[in-house]
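J.: mmCIF, N, CA and C atoms and all ligand atoms, saved as data.cif, coming up:
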```
data_protein
loop_
_atom_site.label_atom_id
_atom_site.label_comp_id
_atom_site.auth_asym_id
_atom_site.auth_seq_id
_atom_site.Cartn_x
_atom_site.Cartn_y
_atom_site.Cartn_z
N MET C 1 116.31 -18.51 -21.03
CA MET C 1 117.14 -18.75 -19.87
C MET C 1 116.92 -17.68 -18.81
N ILE C 2 116.88 -16.42 -19.26
CA ILE C 2 116.66 -15.30 -18.33
C ILE C 2 115.27 -15.40 -17.73
N ILE C 3 114.29 -15.72 -18.57
CA ILE C 3 112.92 -15.85 -18.08
C ILE C 3 112.82 -16.99 -17.06
N ARG C 4 113.46 -18.09 -17.36
CA ARG C 4 113.42 -19.23 -16.42
C ARG C 4 114.04 -18.85 -15.09
N HIS C 5 115.16 -18.15 -15.15
CA HIS C 5 115.82 -17.70 -13.92
C HIS C 5 114.91 -16.75 -13.14
N PHE C 6 114.25 -15.83 -13.88
CA PHE C 6 113.34 -14.87 -13.25
C PHE C 6 112.18 -15.60 -12.57
N LEU C 7 111.59 -16.57 -13.30
CA LEU C 7 110.45 -17.31 -12.74
C LEU C 7 110.86 -18.10 -11.50
N THR C 8 112.04 -18.68 -11.53
CA THR C 8 112.53 -19.44 -10.38
C THR C 8 112.67 -18.52 -9.17
N LYS C 9 113.20 -17.31 -9.40
CA LYS C 9 113.34 -16.36 -8.29
C LYS C 9 111.99 -15.95 -7.74
N VAL C 10 111.03 -15.70 -8.66
CA VAL C 10 109.69 -15.31 -8.22
C VAL C 10 109.07 -16.42 -7.39
N ILE C 11 109.23 -17.65 -7.82
CA ILE C 11 108.65 -18.79 -7.10
C ILE C 11 109.30 -18.92 -5.72
N LEU C 12 110.60 -18.74 -5.66
CA LEU C 12 111.30 -18.86 -4.37
C LEU C 12 110.95 -17.74 -3.42
N MET C 13 110.74 -16.54 -3.96
CA MET C 13 110.46 -15.38 -3.12
C MET C 13 109.01 -15.33 -2.65
N THR C 14 108.15 -16.09 -3.30
CA THR C 14 106.73 -16.06 -2.92
C THR C 14 106.27 -17.48 -2.64
N ASN C 15 105.03 -17.59 -2.30
CA ASN C 15 104.46 -18.91 -2.07
C ASN C 15 103.73 -19.42 -3.30
N LEU C 16 103.96 -18.76 -4.45
CA LEU C 16 103.29 -19.18 -5.67
C LEU C 16 103.84 -20.51 -6.16
N THR C 17 102.97 -21.26 -6.79
CA THR C 17 103.43 -22.51 -7.39
C THR C 17 103.95 -22.21 -8.79
N ARG C 18 104.78 -23.09 -9.31
CA ARG C 18 105.31 -22.93 -10.65
C ARG C 18 104.16 -22.86 -11.67
N ARG C 19 103.12 -23.67 -11.46
CA ARG C 19 101.99 -23.69 -12.38
C ARG C 19 101.26 -22.34 -12.39
N SER C 20 101.04 -21.72 -11.22
CA SER C 20 100.30 -20.46 -11.18
C SER C 20 101.11 -19.34 -11.84
N VAL C 21 102.43 -19.37 -11.67
CA VAL C 21 103.27 -18.35 -12.29
C VAL C 21 103.23 -18.51 -13.81
N LEU C 22 103.35 -19.75 -14.28
CA LEU C 22 103.30 -19.99 -15.72
C LEU C 22 101.94 -19.63 -16.31
N SER C 23 100.86 -19.90 -15.57
CA SER C 23 99.52 -19.56 -16.04
C SER C 23 99.37 -18.05 -16.18
N ALA C 24 99.87 -17.32 -15.19
CA ALA C 24 99.79 -15.86 -15.24
C ALA C 24 100.60 -15.32 -16.41
N GLY C 25 101.78 -15.89 -16.62
CA GLY C 25 102.62 -15.46 -17.75
C GLY C 25 101.95 -15.73 -19.08
N ALA C 26 101.30 -16.89 -19.20
CA ALA C 26 100.61 -17.23 -20.43
C ALA C 26 99.46 -16.25 -20.68
N ALA C 27 98.75 -15.88 -19.62
CA ALA C 27 97.64 -14.94 -19.77
C ALA C 27 98.13 -13.57 -20.24
N VAL C 28 99.26 -13.13 -19.68
CA VAL C 28 99.84 -11.85 -20.08
C VAL C 28 100.25 -11.90 -21.55
N CYS C 29 100.88 -12.99 -21.97
CA CYS C 29 101.30 -13.14 -23.37
C CYS C 29 100.09 -13.15 -24.29
N ALA C 30 99.03 -13.86 -23.90
CA ALA C 30 97.83 -13.92 -24.74
C ALA C 30 97.20 -12.54 -24.86
N ALA C 31 97.14 -11.79 -23.78
CA ALA C 31 96.54 -10.46 -23.81
C ALA C 31 97.34 -9.51 -24.68
N SER C 32 98.64 -9.71 -24.74
CA SER C 32 99.47 -8.79 -25.52
C SER C 32 99.29 -8.95 -27.01
N VAL C 33 98.74 -10.06 -27.48
CA VAL C 33 98.53 -10.25 -28.91
C VAL C 33 97.11 -9.91 -29.35
N ILE C 34 96.22 -9.59 -28.41
CA ILE C 34 94.86 -9.18 -28.77
C ILE C 34 94.95 -7.75 -29.31
N PRO C 35 94.42 -7.51 -30.51
CA PRO C 35 94.49 -6.15 -31.07
C PRO C 35 93.86 -5.14 -30.12
N SER C 36 94.51 -3.98 -30.02
CA SER C 36 94.00 -2.96 -29.11
C SER C 36 92.60 -2.51 -29.50
N LYS C 37 92.24 -2.64 -30.80
CA LYS C 37 90.89 -2.25 -31.25
C LYS C 37 89.82 -3.08 -30.55
N LEU C 38 90.16 -4.35 -30.23
CA LEU C 38 89.17 -5.21 -29.58
C LEU C 38 89.05 -4.88 -28.10
N ILE C 39 90.08 -4.31 -27.53
CA ILE C 39 90.06 -3.96 -26.12
C ILE C 39 89.42 -2.59 -25.93
N ALA C 40 89.85 -1.63 -26.73
CA ALA C 40 89.31 -0.29 -26.60
C ALA C 40 87.86 -0.26 -27.05
N GLN C 41 87.07 0.53 -26.36
CA GLN C 41 85.68 0.66 -26.73
C GLN C 41 85.58 1.55 -27.96
N GLU C 42 84.87 1.06 -28.95
CA GLU C 42 84.73 1.82 -30.18
C GLU C 42 83.83 3.03 -29.94
N LEU C 43 84.24 4.16 -30.46
CA LEU C 43 83.42 5.37 -30.36
C LEU C 43 82.47 5.39 -31.55
N PRO C 44 81.27 5.96 -31.37
CA PRO C 44 80.34 6.06 -32.50
C PRO C 44 80.75 7.22 -33.42
N MET C 45 80.36 7.11 -34.67
CA MET C 45 80.55 8.22 -35.61
C MET C 45 79.57 9.33 -35.24
N ILE C 46 79.99 10.55 -35.40
CA ILE C 46 79.07 11.66 -35.15
C ILE C 46 78.03 11.69 -36.27
N GLU C 47 76.80 11.93 -35.89
CA GLU C 47 75.71 12.01 -36.87
C GLU C 47 75.51 13.46 -37.28
N ALA C 48 75.04 13.66 -38.50
CA ALA C 48 74.77 15.02 -39.00
C ALA C 48 73.74 15.73 -38.12
N SER C 49 72.86 14.94 -37.47
CA SER C 49 71.80 15.51 -36.64
C SER C 49 72.27 15.85 -35.23
N ASP C 50 73.51 15.48 -34.90
CA ASP C 50 74.05 15.77 -33.57
C ASP C 50 74.11 17.29 -33.37
N PRO C 51 73.60 17.80 -32.25
CA PRO C 51 73.60 19.25 -32.03
C PRO C 51 74.99 19.88 -32.18
N LEU C 52 76.03 19.17 -31.75
CA LEU C 52 77.39 19.71 -31.90
C LEU C 52 77.80 19.75 -33.36
N ALA C 53 77.41 18.72 -34.13
CA ALA C 53 77.70 18.71 -35.57
C ALA C 53 77.02 19.89 -36.25
N ILE C 54 75.78 20.13 -35.86
CA ILE C 54 75.03 21.24 -36.45
C ILE C 54 75.69 22.57 -36.08
N ALA C 55 76.06 22.70 -34.81
CA ALA C 55 76.68 23.95 -34.34
C ALA C 55 78.00 24.23 -35.04
N LEU C 56 78.76 23.16 -35.34
CA LEU C 56 80.06 23.33 -35.98
C LEU C 56 79.99 23.34 -37.51
N GLY C 57 78.81 23.07 -38.04
CA GLY C 57 78.69 22.98 -39.50
C GLY C 57 79.41 21.77 -40.04
N TYR C 58 79.40 20.68 -39.28
CA TYR C 58 80.09 19.45 -39.68
C TYR C 58 79.44 18.83 -40.90
N HIS C 59 80.27 18.48 -41.86
CA HIS C 59 79.83 17.77 -43.06
C HIS C 59 80.69 16.53 -43.22
N ALA C 60 80.07 15.36 -43.27
CA ALA C 60 80.84 14.11 -43.41
C ALA C 60 81.60 14.08 -44.73
N ASP C 61 81.10 14.76 -45.73
CA ASP C 61 81.77 14.87 -47.03
C ASP C 61 82.13 16.35 -47.24
N ALA C 62 83.40 16.66 -47.05
CA ALA C 62 83.83 18.06 -47.14
C ALA C 62 83.57 18.66 -48.51
N THR C 63 83.56 17.83 -49.56
CA THR C 63 83.36 18.37 -50.91
C THR C 63 81.91 18.82 -51.12
N ALA C 64 81.01 18.44 -50.19
CA ALA C 64 79.61 18.83 -50.30
C ALA C 64 79.31 20.11 -49.55
N VAL C 65 80.33 20.73 -48.95
CA VAL C 65 80.11 21.97 -48.19
C VAL C 65 79.77 23.10 -49.17
N ASP C 66 78.72 23.83 -48.84
CA ASP C 66 78.31 24.97 -49.66
C ASP C 66 79.18 26.18 -49.32
N PRO C 67 80.05 26.61 -50.24
CA PRO C 67 80.95 27.74 -49.95
C PRO C 67 80.20 29.06 -49.74
N GLN C 68 78.98 29.15 -50.22
CA GLN C 68 78.18 30.36 -49.98
C GLN C 68 77.79 30.44 -48.50
N LYS C 69 77.43 29.27 -47.96
CA LYS C 69 77.02 29.21 -46.55
C LYS C 69 78.24 29.18 -45.62
N TYR C 70 79.32 28.56 -46.09
CA TYR C 70 80.54 28.44 -45.29
C TYR C 70 81.72 29.02 -46.08
N PRO C 71 81.84 30.33 -46.14
CA PRO C 71 82.90 30.96 -46.95
C PRO C 71 84.31 30.64 -46.47
N LYS C 72 84.43 30.12 -45.27
CA LYS C 72 85.75 29.73 -44.77
C LYS C 72 86.32 28.58 -45.61
N ARG C 73 85.44 27.80 -46.24
CA ARG C 73 85.91 26.70 -47.10
C ARG C 73 85.47 26.97 -48.53
N PRO C 74 86.33 27.66 -49.29
CA PRO C 74 86.01 27.86 -50.71
C PRO C 74 85.92 26.53 -51.44
N ALA C 75 85.24 26.53 -52.56
CA ALA C 75 85.09 25.31 -53.35
C ALA C 75 86.47 24.74 -53.68
N ASN C 76 86.58 23.44 -53.57
CA ASN C 76 87.82 22.69 -53.86
C ASN C 76 88.99 23.02 -52.93
N ALA C 77 88.72 23.69 -51.83
CA ALA C 77 89.80 23.96 -50.87
C ALA C 77 90.27 22.65 -50.26
N PRO C 78 91.56 22.49 -50.09
CA PRO C 78 92.07 21.23 -49.51
C PRO C 78 91.94 21.22 -47.99
N GLN C 79 90.70 21.34 -47.53
CA GLN C 79 90.42 21.37 -46.09
C GLN C 79 89.58 20.14 -45.73
N PHE C 80 90.17 19.28 -44.93
CA PHE C 80 89.49 18.06 -44.49
C PHE C 80 89.85 17.83 -43.02
N CYS C 81 89.05 17.03 -42.34
CA CYS C 81 89.40 16.68 -40.96
C CYS C 81 90.81 16.09 -40.91
N SER C 82 91.15 15.31 -41.91
CA SER C 82 92.45 14.62 -41.91
C SER C 82 93.64 15.57 -41.90
N ASN C 83 93.44 16.84 -42.30
CA ASN C 83 94.55 17.79 -42.22
C ASN C 83 94.22 18.97 -41.31
N CYS C 84 93.34 18.71 -40.36
CA CYS C 84 92.99 19.71 -39.34
C CYS C 84 93.84 19.44 -38.10
N THR C 85 94.26 20.48 -37.45
CA THR C 85 95.12 20.32 -36.28
C THR C 85 94.40 19.67 -35.11
N LEU C 86 93.08 19.67 -35.12
CA LEU C 86 92.31 19.06 -34.03
C LEU C 86 92.04 17.57 -34.25
N TYR C 87 92.52 17.04 -35.37
CA TYR C 87 92.22 15.66 -35.76
C TYR C 87 93.29 14.70 -35.26
N ILE C 88 92.82 13.56 -34.71
CA ILE C 88 93.72 12.49 -34.27
C ILE C 88 93.28 11.22 -35.00
N ALA C 89 94.03 10.82 -35.99
CA ALA C 89 93.65 9.68 -36.84
C ALA C 89 93.59 8.39 -36.04
N GLU C 90 92.50 7.64 -36.26
CA GLU C 90 92.38 6.28 -35.73
C GLU C 90 92.86 5.30 -36.79
N ASN C 91 92.50 5.60 -38.03
CA ASN C 91 92.96 4.85 -39.20
C ASN C 91 92.85 5.80 -40.39
N ASP C 92 92.91 5.29 -41.62
CA ASP C 92 92.88 6.19 -42.78
C ASP C 92 91.48 6.71 -43.10
N LYS C 93 90.46 6.23 -42.41
CA LYS C 93 89.08 6.65 -42.69
C LYS C 93 88.46 7.53 -41.60
N VAL C 94 88.80 7.28 -40.34
CA VAL C 94 88.16 8.00 -39.23
C VAL C 94 89.19 8.40 -38.19
N GLY C 95 88.76 9.34 -37.34
CA GLY C 95 89.63 9.76 -36.26
C GLY C 95 88.84 10.49 -35.19
N LYS C 96 89.53 10.88 -34.15
CA LYS C 96 88.92 11.65 -33.08
C LYS C 96 89.15 13.12 -33.37
N CYS C 97 88.29 13.94 -32.81
CA CYS C 97 88.42 15.40 -32.94
C CYS C 97 88.35 15.97 -31.54
N THR C 98 89.29 16.80 -31.18
CA THR C 98 89.30 17.35 -29.83
C THR C 98 88.13 18.30 -29.60
N ALA C 99 87.49 18.77 -30.66
CA ALA C 99 86.32 19.64 -30.51
C ALA C 99 85.04 18.84 -30.36
N ILE C 100 85.10 17.53 -30.66
CA ILE C 100 83.92 16.68 -30.61
C ILE C 100 84.24 15.46 -29.75
N PRO C 101 84.19 15.60 -28.44
CA PRO C 101 84.55 14.48 -27.57
C PRO C 101 83.55 13.33 -27.65
N GLY C 102 84.08 12.11 -27.56
CA GLY C 102 83.24 10.92 -27.49
C GLY C 102 82.68 10.45 -28.81
N LYS C 103 83.08 11.06 -29.91
CA LYS C 103 82.58 10.65 -31.22
C LYS C 103 83.75 10.61 -32.20
N LEU C 104 83.57 9.84 -33.25
CA LEU C 104 84.55 9.81 -34.34
C LEU C 104 84.07 10.70 -35.47
N VAL C 105 85.02 11.25 -36.19
CA VAL C 105 84.69 12.04 -37.38
C VAL C 105 85.35 11.37 -38.59
N ALA C 106 84.81 11.64 -39.76
CA ALA C 106 85.37 11.06 -40.99
C ALA C 106 86.60 11.85 -41.41
N ALA C 107 87.60 11.14 -41.93
CA ALA C 107 88.82 11.81 -42.40
C ALA C 107 88.51 12.80 -43.51
N GLU C 108 87.47 12.50 -44.30
CA GLU C 108 87.11 13.36 -45.44
C GLU C 108 86.06 14.40 -45.08
N ALA C 109 85.79 14.56 -43.78
CA ALA C 109 84.79 15.52 -43.34
C ALA C 109 85.41 16.91 -43.17
N TRP C 110 84.60 17.83 -42.75
CA TRP C 110 85.04 19.21 -42.51
C TRP C 110 84.03 19.87 -41.58
N CYS C 111 84.50 20.85 -40.82
CA CYS C 111 83.58 21.70 -40.07
C CYS C 111 84.16 23.10 -40.01
N ASN C 112 83.34 24.02 -39.55
CA ASN C 112 83.71 25.44 -39.54
C ASN C 112 84.81 25.77 -38.55
N ALA C 113 85.19 24.80 -37.72
CA ALA C 113 86.28 25.01 -36.75
C ALA C 113 87.61 24.52 -37.30
N TRP C 114 87.64 24.16 -38.59
CA TRP C 114 88.86 23.61 -39.21
C TRP C 114 90.04 24.58 -39.03
N ILE C 115 91.16 23.99 -38.62
CA ILE C 115 92.42 24.74 -38.45
C ILE C 115 93.52 23.96 -39.16
N LYS C 116 94.25 24.62 -40.01
CA LYS C 116 95.32 23.94 -40.77
C LYS C 116 96.32 23.28 -39.83
N ALA C 117 96.58 22.01 -40.09
CA ALA C 117 97.56 21.27 -39.26
C ALA C 117 98.96 21.66 -39.63
S1 LIG H 201 87.57 20.67 -35.83
FE1 LIG H 201 88.79 19.79 -37.47
S2 LIG H 201 88.84 17.57 -37.06
FE2 LIG H 201 87.18 18.45 -35.85
S3 LIG H 201 85.35 18.19 -37.12
FE3 LIG H 201 86.17 20.23 -37.51
S4 LIG H 201 87.51 20.01 -39.30
FE4 LIG H 201 87.13 17.96 -38.46
#
```
The structure in this file should be written as C-alpha cells.
T.:
Amino acid sequence: MIIRHFLTKVILMTNLTRRSVLSAGAAVCAASVIPSKLIAQELPMIEASDPLAIALGYHADATAVDPQKYPKRPANAPQFCSNCTLYIAENDKVGKCTAIPGKLVAAEAWCNAWIKA
C-alpha cells in the first residue's frame, strides 16, 4: 500500500509513465538479489613468485615456513593470515591483506609482516 502510494506520487510529480516506474523498480529489485560476489570484480590470488610475496616472505601454507629462515614464526606457532591484524576475510579460505593491495591471500598463509590480531 505504501509502495503504491509512493509510486502514484512519483508518477504525478513527474512525466514518467506507470510502466516506466514499475520497470525501474523491477530492475532495482532484481539487482538487489544478485550476489555481491558476481558484481564485485574478483581479485587474483597472490603468487609465490610475486615480488611483493618474495619481499614479505609470503607462504601460502604457513605450516611450511622454515623457522630457521623466519625465526619470527617458530614451528607450530598459531600464526596465520586469518589471525593477522592486516587480514580482511572474504570467506573462510581467502581474504585481502592491507600490505598486499589488489591480491587475495590464503587464510592459512603467513608472511614476515604478520601482526597478531
Ligand atoms: S601481513 Fe598478515 S595478512 Fe598480510 S600476508 Fe602477511 S600474515 Fe598474511
J.: What does the distance from CA of Glu42 in chain C to atom C of Pro101 in chain C come to in Å, to one decimal?
T.: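 Going from CA of Glu42 in chain C over to atom C of Pro101 in chain C, I get 11.8 Å.
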J.: Pick the closest to Leu43 in chain C from C:Lys116, C:Pro71, C:Trp110, C:Val105: which is it, counting all atoms listed in the file?
T.: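 The closest residue to Leu43 in chain C is C:Val105.
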J.: Find the residues near ligand LIG 201 (chain H). Use a cut-off of 6.5 Å, count all atoms listed in the file, and write them as a list in words.
T.: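 Counting all atoms listed in the file, the residues within 6.5 Å of ligand LIG 201 (chain H) come out as Tyr58, Phe80, Cys81, Ser82, Cys84, Thr85, Leu86, Tyr87, Ile88, Lys96, Cys97, Thr98, Ala99, Ile100, Val105, Ala109, Trp110, Cys111, Asn112, Ala113, Trp114 and Ile115 of chain C.
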J.: Determine, counting all atoms listed in the file, which protein, DNA and RNA residues have an atom within 7 Å of an atom of range 72-79 of chain C; residues of the same chain fewer than 4 positions away are not included. Present the result as a VMD selection string.
T.: chain C and resid 62 to 63 65 to 67 83 to 84 108 to 110
J.: Residues within 5 Å of (88.5, 8.0, -39.6), file coordinates, counting all atoms listed in the file: what are they? Give the list as a PyMOL selection string.
T.: chain C and resi 91-95+105-107
J.: Any chance you could work out the axis-aligned box around range 71-89 of chain C, listed atoms only, 5 Å on each side, giving centre and edge lengths in Å to one decimal, as AutoDock Vina command-line options?
T.:
```
--center_x 88.5 --center_y 19.7 --center_z -43.9 --size_x 23.3 --size_y 32.6 --size_z 29.8
```
J.: Could you tell me how far atom N of Lys69 in chain C sits from atom N of Gly102 in chain C, in Å to one decimal place?
T.: 27.5 Å
J.: Have a look at atom C of Ala117 in chain C and atom C of Ala89 in chain C and let me know their distance in Å, one decimal.
T.: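 Distance between the two atoms: 14.8 Å.
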